[in-house]
$ cat input25.cif   # mmCIF, N, CA and C atoms
data_my_file
#
loop_
_atom_site.label_atom_id
_atom_site.label_comp_id
_atom_site.auth_asym_id
_atom_site.auth_seq_id
_atom_site.Cartn_x
_atom_site.Cartn_y
_atom_site.Cartn_z
N MET A 27 220.78 -121.78 72.87
CA MET A 27 220.55 -123.18 72.68
C MET A 27 220.76 -123.49 71.20
N LYS A 28 221.36 -124.61 70.92
CA LYS A 28 221.54 -125.07 69.55
C LYS A 28 221.02 -126.49 69.45
N ILE A 29 220.39 -126.78 68.31
CA ILE A 29 219.90 -128.13 68.06
C ILE A 29 220.32 -128.55 66.67
N GLU A 30 220.41 -129.85 66.47
CA GLU A 30 220.72 -130.37 65.14
C GLU A 30 219.44 -130.43 64.33
N VAL A 31 219.55 -130.03 63.08
CA VAL A 31 218.41 -130.08 62.16
C VAL A 31 218.90 -130.63 60.83
N SER A 32 217.95 -130.94 59.97
CA SER A 32 218.31 -131.44 58.64
C SER A 32 219.03 -130.36 57.84
N ASN A 33 219.79 -130.81 56.85
CA ASN A 33 220.49 -129.86 55.98
C ASN A 33 219.50 -128.92 55.30
N SER A 34 218.37 -129.46 54.88
CA SER A 34 217.38 -128.62 54.19
C SER A 34 216.80 -127.56 55.11
N GLU A 35 216.71 -127.85 56.39
CA GLU A 35 216.19 -126.87 57.34
C GLU A 35 217.14 -125.68 57.44
N VAL A 36 218.43 -125.93 57.35
CA VAL A 36 219.42 -124.85 57.39
C VAL A 36 219.31 -124.01 56.12
N VAL A 37 219.16 -124.67 54.97
CA VAL A 37 219.00 -123.96 53.71
C VAL A 37 217.71 -123.14 53.75
N ASP A 38 216.64 -123.73 54.23
CA ASP A 38 215.36 -123.04 54.34
C ASP A 38 215.49 -121.80 55.21
N ARG A 39 216.12 -121.94 56.34
CA ARG A 39 216.30 -120.80 57.26
C ARG A 39 217.10 -119.69 56.58
N ALA A 40 218.14 -120.07 55.83
CA ALA A 40 218.95 -119.06 55.14
C ALA A 40 218.12 -118.31 54.10
N THR A 41 217.30 -119.03 53.35
CA THR A 41 216.47 -118.35 52.34
C THR A 41 215.46 -117.41 53.00
N ILE A 42 214.89 -117.85 54.09
CA ILE A 42 213.91 -117.01 54.80
C ILE A 42 214.59 -115.77 55.38
N LEU A 43 215.79 -115.93 55.92
CA LEU A 43 216.51 -114.77 56.43
C LEU A 43 216.80 -113.78 55.31
N GLN A 44 217.19 -114.27 54.14
CA GLN A 44 217.43 -113.37 53.01
C GLN A 44 216.17 -112.58 52.68
N ILE A 45 215.04 -113.27 52.65
CA ILE A 45 213.77 -112.61 52.34
C ILE A 45 213.44 -111.56 53.40
N LYS A 46 213.61 -111.91 54.65
CA LYS A 46 213.33 -110.95 55.72
C LYS A 46 214.23 -109.72 55.62
N ILE A 47 215.51 -109.94 55.36
CA ILE A 47 216.45 -108.82 55.22
C ILE A 47 216.02 -107.91 54.07
N GLU A 48 215.56 -108.52 52.99
CA GLU A 48 215.13 -107.76 51.81
C GLU A 48 213.81 -107.02 52.03
N ARG A 49 212.90 -107.60 52.79
CA ARG A 49 211.53 -107.08 52.82
C ARG A 49 211.10 -106.37 54.10
N LEU A 50 211.66 -106.76 55.22
CA LEU A 50 211.20 -106.17 56.48
C LEU A 50 211.86 -104.82 56.73
N LYS A 51 211.08 -103.94 57.32
CA LYS A 51 211.62 -102.65 57.77
C LYS A 51 212.05 -102.86 59.22
N ILE A 52 213.34 -103.07 59.40
CA ILE A 52 213.87 -103.38 60.74
C ILE A 52 215.01 -102.43 61.08
N ASN A 53 215.28 -102.33 62.37
CA ASN A 53 216.36 -101.43 62.79
C ASN A 53 217.72 -102.04 62.47
N ARG A 54 218.73 -101.24 62.52
CA ARG A 54 220.08 -101.65 62.12
C ARG A 54 220.60 -102.81 62.98
N ALA A 55 220.34 -102.77 64.27
CA ALA A 55 220.83 -103.83 65.16
C ALA A 55 220.21 -105.18 64.79
N ASP A 56 218.92 -105.19 64.51
CA ASP A 56 218.26 -106.43 64.12
C ASP A 56 218.77 -106.92 62.76
N ARG A 57 218.96 -105.98 61.85
CA ARG A 57 219.49 -106.34 60.52
C ARG A 57 220.89 -106.94 60.66
N ASP A 58 221.73 -106.33 61.47
CA ASP A 58 223.08 -106.85 61.68
C ASP A 58 223.04 -108.26 62.26
N CYS A 59 222.15 -108.48 63.20
CA CYS A 59 222.00 -109.80 63.82
C CYS A 59 221.58 -110.83 62.77
N MET A 60 220.60 -110.46 61.95
CA MET A 60 220.12 -111.38 60.92
C MET A 60 221.20 -111.64 59.87
N GLU A 61 221.93 -110.63 59.49
CA GLU A 61 222.99 -110.80 58.49
C GLU A 61 224.12 -111.67 59.03
N SER A 62 224.42 -111.52 60.31
CA SER A 62 225.45 -112.35 60.94
C SER A 62 225.03 -113.82 60.96
N GLU A 63 223.78 -114.06 61.33
CA GLU A 63 223.26 -115.43 61.33
C GLU A 63 223.27 -116.00 59.91
N LEU A 64 222.86 -115.20 58.94
CA LEU A 64 222.84 -115.65 57.56
C LEU A 64 224.24 -116.04 57.08
N GLU A 65 225.23 -115.25 57.42
CA GLU A 65 226.62 -115.57 57.04
C GLU A 65 227.03 -116.93 57.58
N GLU A 66 226.69 -117.21 58.83
CA GLU A 66 227.02 -118.49 59.45
C GLU A 66 226.29 -119.64 58.76
N LEU A 67 225.03 -119.43 58.45
CA LEU A 67 224.26 -120.48 57.78
C LEU A 67 224.80 -120.76 56.39
N ILE A 68 225.20 -119.72 55.67
CA ILE A 68 225.76 -119.89 54.32
C ILE A 68 227.04 -120.74 54.40
N LYS A 69 227.87 -120.48 55.38
CA LYS A 69 229.09 -121.28 55.55
C LYS A 69 228.75 -122.76 55.76
N ILE A 70 227.75 -123.01 56.56
CA ILE A 70 227.34 -124.39 56.86
C ILE A 70 226.82 -125.08 55.61
N ILE A 71 225.92 -124.43 54.88
CA ILE A 71 225.32 -125.11 53.73
C ILE A 71 226.30 -125.26 52.58
N GLU A 72 227.28 -124.36 52.49
CA GLU A 72 228.30 -124.53 51.45
C GLU A 72 229.12 -125.79 51.69
N ARG A 73 229.29 -126.16 52.96
CA ARG A 73 230.06 -127.38 53.28
C ARG A 73 229.35 -128.64 52.81
N VAL A 74 228.02 -128.58 52.66
CA VAL A 74 227.28 -129.76 52.17
C VAL A 74 226.93 -129.63 50.69
N GLY A 75 227.47 -128.60 50.05
CA GLY A 75 227.32 -128.49 48.60
C GLY A 75 226.12 -127.70 48.10
N ILE A 76 225.47 -126.96 48.97
CA ILE A 76 224.34 -126.13 48.55
C ILE A 76 224.70 -124.68 48.84
N GLY A 77 225.27 -124.00 47.85
CA GLY A 77 225.63 -122.60 48.02
C GLY A 77 224.49 -121.68 47.61
N GLU A 78 224.68 -120.40 47.87
CA GLU A 78 223.67 -119.40 47.52
C GLU A 78 223.37 -119.37 46.03
N ASP A 79 224.32 -119.74 45.22
CA ASP A 79 224.14 -119.71 43.77
C ASP A 79 223.64 -121.02 43.20
N SER A 80 223.43 -122.01 44.05
CA SER A 80 222.97 -123.31 43.56
C SER A 80 221.50 -123.25 43.15
N ASP A 81 221.14 -124.12 42.23
CA ASP A 81 219.76 -124.19 41.75
C ASP A 81 218.80 -124.50 42.89
N MET A 82 219.16 -125.42 43.77
CA MET A 82 218.27 -125.81 44.86
C MET A 82 218.02 -124.64 45.81
N PHE A 83 219.06 -123.89 46.13
CA PHE A 83 218.91 -122.73 47.01
C PHE A 83 217.96 -121.72 46.37
N LYS A 84 218.20 -121.42 45.10
CA LYS A 84 217.37 -120.43 44.40
C LYS A 84 215.92 -120.89 44.30
N ARG A 85 215.71 -122.17 44.02
CA ARG A 85 214.34 -122.69 43.91
C ARG A 85 213.61 -122.61 45.25
N LEU A 86 214.30 -122.99 46.33
CA LEU A 86 213.67 -122.94 47.65
C LEU A 86 213.38 -121.50 48.04
N LYS A 87 214.29 -120.59 47.75
CA LYS A 87 214.05 -119.18 48.06
C LYS A 87 212.85 -118.68 47.27
N GLN A 88 212.74 -119.06 46.01
CA GLN A 88 211.61 -118.62 45.20
C GLN A 88 210.29 -119.13 45.77
N VAL A 89 210.25 -120.39 46.16
CA VAL A 89 209.03 -120.93 46.76
C VAL A 89 208.70 -120.18 48.05
N ASN A 90 209.71 -119.89 48.86
CA ASN A 90 209.47 -119.15 50.10
C ASN A 90 208.99 -117.72 49.82
N GLU A 91 209.47 -117.11 48.74
CA GLU A 91 208.97 -115.79 48.36
C GLU A 91 207.50 -115.86 47.94
N PHE A 92 207.17 -116.86 47.13
CA PHE A 92 205.78 -117.05 46.73
C PHE A 92 204.90 -117.30 47.96
N LEU A 93 205.42 -118.11 48.89
CA LEU A 93 204.68 -118.41 50.11
C LEU A 93 204.47 -117.15 50.94
N TRP A 94 205.49 -116.34 51.05
CA TRP A 94 205.41 -115.07 51.78
C TRP A 94 204.27 -114.22 51.21
N ASN A 95 204.24 -114.12 49.87
CA ASN A 95 203.20 -113.33 49.21
C ASN A 95 201.81 -113.93 49.40
N ALA A 96 201.72 -115.25 49.31
CA ALA A 96 200.43 -115.92 49.47
C ALA A 96 199.88 -115.75 50.88
N VAL A 97 200.75 -115.85 51.86
CA VAL A 97 200.31 -115.67 53.25
C VAL A 97 199.88 -114.22 53.47
N ALA A 98 200.60 -113.27 52.88
CA ALA A 98 200.20 -111.86 53.00
C ALA A 98 198.82 -111.65 52.37
N GLU A 99 198.58 -112.28 51.24
CA GLU A 99 197.28 -112.18 50.58
C GLU A 99 196.19 -112.81 51.45
N GLN A 100 196.52 -113.95 52.02
CA GLN A 100 195.57 -114.64 52.91
C GLN A 100 195.23 -113.75 54.11
N LYS A 101 196.23 -113.13 54.70
CA LYS A 101 196.00 -112.25 55.85
C LYS A 101 195.15 -111.05 55.46
N GLU A 102 195.40 -110.53 54.28
CA GLU A 102 194.62 -109.39 53.81
C GLU A 102 193.14 -109.75 53.69
N TRP A 103 192.85 -110.88 53.06
CA TRP A 103 191.46 -111.30 52.91
C TRP A 103 190.84 -111.63 54.26
N ALA A 104 191.61 -112.23 55.16
CA ALA A 104 191.08 -112.56 56.48
C ALA A 104 190.73 -111.31 57.27
N SER A 105 191.46 -110.22 57.02
CA SER A 105 191.21 -108.98 57.76
C SER A 105 189.85 -108.38 57.42
N TYR A 106 189.30 -108.75 56.28
CA TYR A 106 187.98 -108.27 55.91
C TYR A 106 186.87 -108.95 56.72
N GLY A 107 187.21 -110.06 57.33
CA GLY A 107 186.26 -110.75 58.19
C GLY A 107 185.10 -111.39 57.46
N VAL A 108 185.33 -111.70 56.21
CA VAL A 108 184.26 -112.35 55.44
C VAL A 108 184.77 -113.67 54.90
N ASN A 109 183.85 -114.58 54.68
CA ASN A 109 184.19 -115.86 54.09
C ASN A 109 184.02 -115.70 52.58
N CYS A 110 185.12 -115.53 51.88
CA CYS A 110 185.00 -115.27 50.45
C CYS A 110 185.88 -116.23 49.65
N ASP A 111 185.60 -116.31 48.38
CA ASP A 111 186.35 -117.19 47.48
C ASP A 111 187.82 -116.81 47.43
N ALA A 112 188.11 -115.52 47.50
CA ALA A 112 189.50 -115.07 47.41
C ALA A 112 190.33 -115.60 48.58
N PHE A 113 189.73 -115.63 49.76
CA PHE A 113 190.45 -116.18 50.92
C PHE A 113 190.72 -117.65 50.71
N GLY A 114 189.73 -118.38 50.20
CA GLY A 114 189.90 -119.81 49.94
C GLY A 114 190.98 -120.07 48.91
N GLU A 115 191.01 -119.24 47.86
CA GLU A 115 192.04 -119.39 46.83
C GLU A 115 193.42 -119.11 47.40
N ALA A 116 193.53 -118.07 48.21
CA ALA A 116 194.81 -117.75 48.84
C ALA A 116 195.25 -118.88 49.76
N SER A 117 194.32 -119.48 50.46
CA SER A 117 194.63 -120.59 51.36
C SER A 117 195.12 -121.81 50.57
N MET A 118 194.51 -122.07 49.43
CA MET A 118 194.94 -123.19 48.59
C MET A 118 196.36 -122.96 48.05
N LYS A 119 196.68 -121.71 47.74
CA LYS A 119 198.05 -121.38 47.30
C LYS A 119 199.04 -121.73 48.40
N VAL A 120 198.69 -121.37 49.64
CA VAL A 120 199.59 -121.64 50.77
C VAL A 120 199.80 -123.14 50.92
N VAL A 121 198.74 -123.92 50.82
CA VAL A 121 198.85 -125.37 50.94
C VAL A 121 199.76 -125.93 49.84
N GLN A 122 199.53 -125.53 48.60
CA GLN A 122 200.33 -126.04 47.48
C GLN A 122 201.79 -125.61 47.60
N LEU A 123 202.03 -124.37 47.97
CA LEU A 123 203.41 -123.89 48.11
C LEU A 123 204.13 -124.61 49.24
N ASN A 124 203.42 -124.89 50.33
CA ASN A 124 204.04 -125.65 51.42
C ASN A 124 204.40 -127.05 50.97
N GLN A 125 203.58 -127.65 50.11
CA GLN A 125 203.90 -128.97 49.56
C GLN A 125 205.14 -128.89 48.66
N ASN A 126 205.19 -127.86 47.83
CA ASN A 126 206.38 -127.66 46.97
C ASN A 126 207.63 -127.47 47.81
N ARG A 127 207.49 -126.71 48.88
CA ARG A 127 208.62 -126.45 49.79
C ARG A 127 209.10 -127.75 50.42
N TYR A 128 208.16 -128.56 50.87
CA TYR A 128 208.50 -129.85 51.48
C TYR A 128 209.25 -130.74 50.48
N GLU A 129 208.77 -130.80 49.26
CA GLU A 129 209.41 -131.64 48.24
C GLU A 129 210.83 -131.16 47.93
N LEU A 130 211.02 -129.85 47.85
CA LEU A 130 212.36 -129.31 47.63
C LEU A 130 213.28 -129.64 48.80
N LYS A 131 212.76 -129.52 50.01
CA LYS A 131 213.57 -129.83 51.19
C LYS A 131 213.96 -131.31 51.21
N CYS A 132 213.05 -132.19 50.82
CA CYS A 132 213.38 -133.61 50.75
C CYS A 132 214.49 -133.86 49.72
N THR A 133 214.41 -133.18 48.59
CA THR A 133 215.44 -133.31 47.56
C THR A 133 216.79 -132.83 48.08
N ILE A 134 216.80 -131.71 48.78
CA ILE A 134 218.04 -131.19 49.35
C ILE A 134 218.62 -132.19 50.35
N ASP A 135 217.78 -132.75 51.21
CA ASP A 135 218.27 -133.74 52.18
C ASP A 135 218.84 -134.97 51.48
N GLU A 136 218.20 -135.38 50.41
CA GLU A 136 218.68 -136.53 49.65
C GLU A 136 220.02 -136.22 48.98
N ILE A 137 220.11 -135.09 48.31
CA ILE A 137 221.34 -134.69 47.60
C ILE A 137 222.51 -134.57 48.57
N THR A 138 222.25 -133.97 49.73
CA THR A 138 223.33 -133.72 50.69
C THR A 138 223.55 -134.86 51.67
N LYS A 139 222.76 -135.94 51.50
CA LYS A 139 222.86 -137.09 52.40
C LYS A 139 222.72 -136.69 53.87
N SER A 140 221.71 -135.87 54.12
CA SER A 140 221.44 -135.39 55.47
C SER A 140 221.12 -136.56 56.39
N GLU A 141 221.61 -136.50 57.60
CA GLU A 141 221.31 -137.54 58.58
C GLU A 141 219.92 -137.35 59.17
N LEU A 142 219.41 -136.13 59.14
CA LEU A 142 218.08 -135.81 59.65
C LEU A 142 217.19 -135.40 58.48
N TRP A 143 215.90 -135.72 58.58
CA TRP A 143 214.94 -135.41 57.52
C TRP A 143 213.68 -134.82 58.13
N GLU A 144 212.96 -134.10 57.31
CA GLU A 144 211.64 -133.62 57.70
C GLU A 144 210.62 -134.64 57.20
N PHE A 145 209.61 -134.90 58.01
CA PHE A 145 208.57 -135.84 57.62
C PHE A 145 207.21 -135.18 57.71
N LYS A 146 206.39 -135.41 56.70
CA LYS A 146 205.02 -134.90 56.69
C LYS A 146 204.11 -135.98 56.16
N GLU A 147 202.85 -135.84 56.49
CA GLU A 147 201.86 -136.79 56.00
C GLU A 147 201.39 -136.39 54.62
#

$ encode --input "input25.cif" --output "structure tokens"
Amino acid sequence: MKIEVSNSEVVDRATILQIKIERLKINRADRDCMESELEELIKIIERVGIGEDSDMFKRLKQVNEFLWNAVAEQKEWASYGVNCDAFGEASMKVVQLNQNRYELKCTIDEITKSELWEFKE
């Protein structure tokens, strides 16, 4: 199944795939599948002017990397099963990073004149 999404959603997916390829311990078949999808996504986003080397791509990937780390930290504190300040701090990082991610995606949609947009409250 294929669906239409905003330009920023395609960029976001590509950055997340890059992070997964770099960080996850996965078998060769899964890696090949992810790399193939990433290649297709890169072709699509280059057509709208957001390549892998663009500032917007790099900034969104960086935010997603920070978010990946913050969620891992949050999961670690949650595994202790205690209500502690560190868990709350990790949760606040996730909230702020998600806001940064949303703002970057809105900028990408604006720059690329995307017909579809993400909306949040």

$ resolve_selection --input "input25.cif" --expression "the PyMOL selection byres ((chain A and resi 130-147) around 5)" --output "ChimeraX atom specification"
/A:32,34,126-129

$ resolve_selection --input "input25.cif" --expression "the PyMOL selection byres (((chain A and resi 76-88 and name CA) around 8) and name CA)" --output "list of chain:residue names"
A:Val37, A:Asp38, A:Thr41, A:Ile42, A:Ile45, A:Ile68, A:Ile71, A:Glu72, A:Arg73, A:Val74, A:Gly75, A:Val89, A:Asn90, A:Glu91, A:Phe92, A:Arg127, A:Leu130, A:Lys131, A:Ile134, A:Thr138

$ residues_around --input "input25.cif" --residues "Lys119 in chain A" --least-positions-apart "6" --cutoff "10 Å" --atoms "only C-alpha atoms" --output "PyMOL selection string"
chain A and resi 92-93+95-97+99-100+113+125

$ axis_aligned_box --input "input25.cif" --around "range 28-31 of chain A" --padding-each-side "5 Å" --output "JSON"
{"center_x": 220.0, "center_y": -127.6, "center_z": 65.9, "size_x": 13.1, "size_y": 16.0, "size_z": 20.1}

$ atom_distance --input "input25.cif" --atom1 "atom N of Leu43 in chain A" --atom2 "atom C of Ser105 in chain A"
27.1 Å

$ atom_distance --input "input25.cif" --atom1 "atom N of Val121 in chain A" --atom2 "atom C of Glu30 in chain A"
25.6 Å

$ select_by_dssp --input "input25.cif" --residues "range 60-141 of chain A" --states "helix (DSSP H, G or I)" --output "CSV table (one decimal) with N, CA and C atoms, in the coordinates of the input"
chain,number,residue,atom,x,y,z
A,60,MET,N,220.6,-110.5,62.0
A,60,MET,CA,220.1,-111.4,60.9
A,60,MET,C,221.2,-111.6,59.9
A,61,GLU,N,221.9,-110.6,59.5
A,61,GLU,CA,223.0,-110.8,58.5
A,61,GLU,C,224.1,-111.7,59.0
A,62,SER,N,224.4,-111.5,60.3
A,62,SER,CA,225.4,-112.4,60.9
A,62,SER,C,225.0,-113.8,61.0
A,63,GLU,N,223.8,-114.1,61.3
A,63,GLU,CA,223.3,-115.4,61.3
A,63,GLU,C,223.3,-116.0,59.9
A,64,LEU,N,222.9,-115.2,58.9
A,64,LEU,CA,222.8,-115.6,57.6
A,64,LEU,C,224.2,-116.0,57.1
A,65,GLU,N,225.2,-115.2,57.4
A,65,GLU,CA,226.6,-115.6,57.0
A,65,GLU,C,227.0,-116.9,57.6
A,66,GLU,N,226.7,-117.2,58.8
A,66,GLU,CA,227.0,-118.5,59.4
A,66,GLU,C,226.3,-119.6,58.8
A,67,LEU,N,225.0,-119.4,58.4
A,67,LEU,CA,224.3,-120.5,57.8
A,67,LEU,C,224.8,-120.8,56.4
A,68,ILE,N,225.2,-119.7,55.7
A,68,ILE,CA,225.8,-119.9,54.3
A,68,ILE,C,227.0,-120.7,54.4
A,69,LYS,N,227.9,-120.5,55.4
A,69,LYS,CA,229.1,-121.3,55.6
A,69,LYS,C,228.8,-122.8,55.8
A,70,ILE,N,227.8,-123.0,56.6
A,70,ILE,CA,227.3,-124.4,56.9
A,70,ILE,C,226.8,-125.1,55.6
A,71,ILE,N,225.9,-124.4,54.9
A,71,ILE,CA,225.3,-125.1,53.7
A,71,ILE,C,226.3,-125.3,52.6
A,72,GLU,N,227.3,-124.4,52.5
A,72,GLU,CA,228.3,-124.5,51.4
A,72,GLU,C,229.1,-125.8,51.7
A,73,ARG,N,229.3,-126.2,53.0
A,73,ARG,CA,230.1,-127.4,53.3
A,73,ARG,C,229.4,-128.6,52.8
A,81,ASP,N,221.1,-124.1,42.2
A,81,ASP,CA,219.8,-124.2,41.8
A,81,ASP,C,218.8,-124.5,42.9
A,82,MET,N,219.2,-125.4,43.8
A,82,MET,CA,218.3,-125.8,44.9
A,82,MET,C,218.0,-124.6,45.8
A,83,PHE,N,219.1,-123.9,46.1
A,83,PHE,CA,218.9,-122.7,47.0
A,83,PHE,C,218.0,-121.7,46.4
A,84,LYS,N,218.2,-121.4,45.1
A,84,LYS,CA,217.4,-120.4,44.4
A,84,LYS,C,215.9,-120.9,44.3
A,85,ARG,N,215.7,-122.2,44.0
A,85,ARG,CA,214.3,-122.7,43.9
A,85,ARG,C,213.6,-122.6,45.2
A,86,LEU,N,214.3,-123.0,46.3
A,86,LEU,CA,213.7,-122.9,47.6
A,86,LEU,C,213.4,-121.5,48.0
A,87,LYS,N,214.3,-120.6,47.8
A,87,LYS,CA,214.0,-119.2,48.1
A,87,LYS,C,212.8,-118.7,47.3
A,88,GLN,N,212.7,-119.1,46.0
A,88,GLN,CA,211.6,-118.6,45.2
A,88,GLN,C,210.3,-119.1,45.8
A,89,VAL,N,210.2,-120.4,46.2
A,89,VAL,CA,209.0,-120.9,46.8
A,89,VAL,C,208.7,-120.2,48.0
A,90,ASN,N,209.7,-119.9,48.9
A,90,ASN,CA,209.5,-119.2,50.1
A,90,ASN,C,209.0,-117.7,49.8
A,91,GLU,N,209.5,-117.1,48.7
A,91,GLU,CA,209.0,-115.8,48.4
A,91,GLU,C,207.5,-115.9,47.9
A,92,PHE,N,207.2,-116.9,47.1
A,92,PHE,CA,205.8,-117.0,46.7
A,92,PHE,C,204.9,-117.3,48.0
A,93,LEU,N,205.4,-118.1,48.9
A,93,LEU,CA,204.7,-118.4,50.1
A,93,LEU,C,204.5,-117.2,50.9
A,94,TRP,N,205.5,-116.3,51.0
A,94,TRP,CA,205.4,-115.1,51.8
A,94,TRP,C,204.3,-114.2,51.2
A,95,ASN,N,204.2,-114.1,49.9
A,95,ASN,CA,203.2,-113.3,49.2
A,95,ASN,C,201.8,-113.9,49.4
A,96,ALA,N,201.7,-115.2,49.3
A,96,ALA,CA,200.4,-115.9,49.5
A,96,ALA,C,199.9,-115.8,50.9
A,97,VAL,N,200.8,-115.8,51.9
A,97,VAL,CA,200.3,-115.7,53.2
A,97,VAL,C,199.9,-114.2,53.5
A,98,ALA,N,200.6,-113.3,52.9
A,98,ALA,CA,200.2,-111.9,53.0
A,98,ALA,C,198.8,-111.6,52.4
A,99,GLU,N,198.6,-112.3,51.2
A,99,GLU,CA,197.3,-112.2,50.6
A,99,GLU,C,196.2,-112.8,51.4
A,100,GLN,N,196.5,-114.0,52.0
A,100,GLN,CA,195.6,-114.6,52.9
A,100,GLN,C,195.2,-113.8,54.1
A,101,LYS,N,196.2,-113.1,54.7
A,101,LYS,CA,196.0,-112.2,55.8
A,101,LYS,C,195.2,-111.0,55.5
A,102,GLU,N,195.4,-110.5,54.3
A,102,GLU,CA,194.6,-109.4,53.8
A,102,GLU,C,193.1,-109.8,53.7
A,103,TRP,N,192.8,-110.9,53.1
A,103,TRP,CA,191.5,-111.3,52.9
A,103,TRP,C,190.8,-111.6,54.3
A,104,ALA,N,191.6,-112.2,55.2
A,104,ALA,CA,191.1,-112.6,56.5
A,104,ALA,C,190.7,-111.3,57.3
A,105,SER,N,191.5,-110.2,57.0
A,105,SER,CA,191.2,-109.0,57.8
A,105,SER,C,189.8,-108.4,57.4
A,111,ASP,N,185.6,-116.3,48.4
A,111,ASP,CA,186.4,-117.2,47.5
A,111,ASP,C,187.8,-116.8,47.4
A,112,ALA,N,188.1,-115.5,47.5
A,112,ALA,CA,189.5,-115.1,47.4
A,112,ALA,C,190.3,-115.6,48.6
A,113,PHE,N,189.7,-115.6,49.8
A,113,PHE,CA,190.4,-116.2,50.9
A,113,PHE,C,190.7,-117.6,50.7
A,114,GLY,N,189.7,-118.4,50.2
A,114,GLY,CA,189.9,-119.8,49.9
A,114,GLY,C,191.0,-120.1,48.9
A,115,GLU,N,191.0,-119.2,47.9
A,115,GLU,CA,192.0,-119.4,46.8
A,115,GLU,C,193.4,-119.1,47.4
A,116,ALA,N,193.5,-118.1,48.2
A,116,ALA,CA,194.8,-117.8,48.8
A,116,ALA,C,195.2,-118.9,49.8
A,117,SER,N,194.3,-119.5,50.5
A,117,SER,CA,194.6,-120.6,51.4
A,117,SER,C,195.1,-121.8,50.6
A,118,MET,N,194.5,-122.1,49.4
A,118,MET,CA,194.9,-123.2,48.6
A,118,MET,C,196.4,-123.0,48.0
A,119,LYS,N,196.7,-121.7,47.7
A,119,LYS,CA,198.0,-121.4,47.3
A,119,LYS,C,199.0,-121.7,48.4
A,120,VAL,N,198.7,-121.4,49.6
A,120,VAL,CA,199.6,-121.6,50.8
A,120,VAL,C,199.8,-123.1,50.9
A,121,VAL,N,198.7,-123.9,50.8
A,121,VAL,CA,198.8,-125.4,50.9
A,121,VAL,C,199.8,-125.9,49.8
A,122,GLN,N,199.5,-125.5,48.6
A,122,GLN,CA,200.3,-126.0,47.5
A,122,GLN,C,201.8,-125.6,47.6
A,123,LEU,N,202.0,-124.4,48.0
A,123,LEU,CA,203.4,-123.9,48.1
A,123,LEU,C,204.1,-124.6,49.2
A,124,ASN,N,203.4,-124.9,50.3
A,124,ASN,CA,204.0,-125.6,51.4
A,124,ASN,C,204.4,-127.0,51.0
A,125,GLN,N,203.6,-127.6,50.1
A,125,GLN,CA,203.9,-129.0,49.6
A,125,GLN,C,205.1,-128.9,48.7
A,126,ASN,N,205.2,-127.9,47.8
A,126,ASN,CA,206.4,-127.7,47.0
A,126,ASN,C,207.6,-127.5,47.8
A,127,ARG,N,207.5,-126.7,48.9
A,127,ARG,CA,208.6,-126.4,49.8
A,127,ARG,C,209.1,-127.8,50.4
A,128,TYR,N,208.2,-128.6,50.9
A,128,TYR,CA,208.5,-129.8,51.5
A,128,TYR,C,209.2,-130.7,50.5
A,129,GLU,N,208.8,-130.8,49.3
A,129,GLU,CA,209.4,-131.6,48.2
A,129,GLU,C,210.8,-131.2,47.9
A,130,LEU,N,211.0,-129.8,47.8
A,130,LEU,CA,212.4,-129.3,47.6
A,130,LEU,C,213.3,-129.6,48.8
A,131,LYS,N,212.8,-129.5,50.0
A,131,LYS,CA,213.6,-129.8,51.2
A,131,LYS,C,214.0,-131.3,51.2
A,132,CYS,N,213.0,-132.2,50.8
A,132,CYS,CA,213.4,-133.6,50.8
A,132,CYS,C,214.5,-133.9,49.7
A,133,THR,N,214.4,-133.2,48.6
A,133,THR,CA,215.4,-133.3,47.6
A,133,THR,C,216.8,-132.8,48.1
A,134,ILE,N,216.8,-131.7,48.8
A,134,ILE,CA,218.0,-131.2,49.4
A,134,ILE,C,218.6,-132.2,50.4
A,135,ASP,N,217.8,-132.8,51.2
A,135,ASP,CA,218.3,-133.7,52.2
A,135,ASP,C,218.8,-135.0,51.5
A,136,GLU,N,218.2,-135.4,50.4
A,136,GLU,CA,218.7,-136.5,49.6
A,136,GLU,C,220.0,-136.2,49.0
A,137,ILE,N,220.1,-135.1,48.3
A,137,ILE,CA,221.3,-134.7,47.6
A,137,ILE,C,222.5,-134.6,48.6

$ atom_distance --input "input25.cif" --atom1 "CA of Lys101 in chain A" --atom2 "atom N of Arg57 in chain A"
24.5 Å
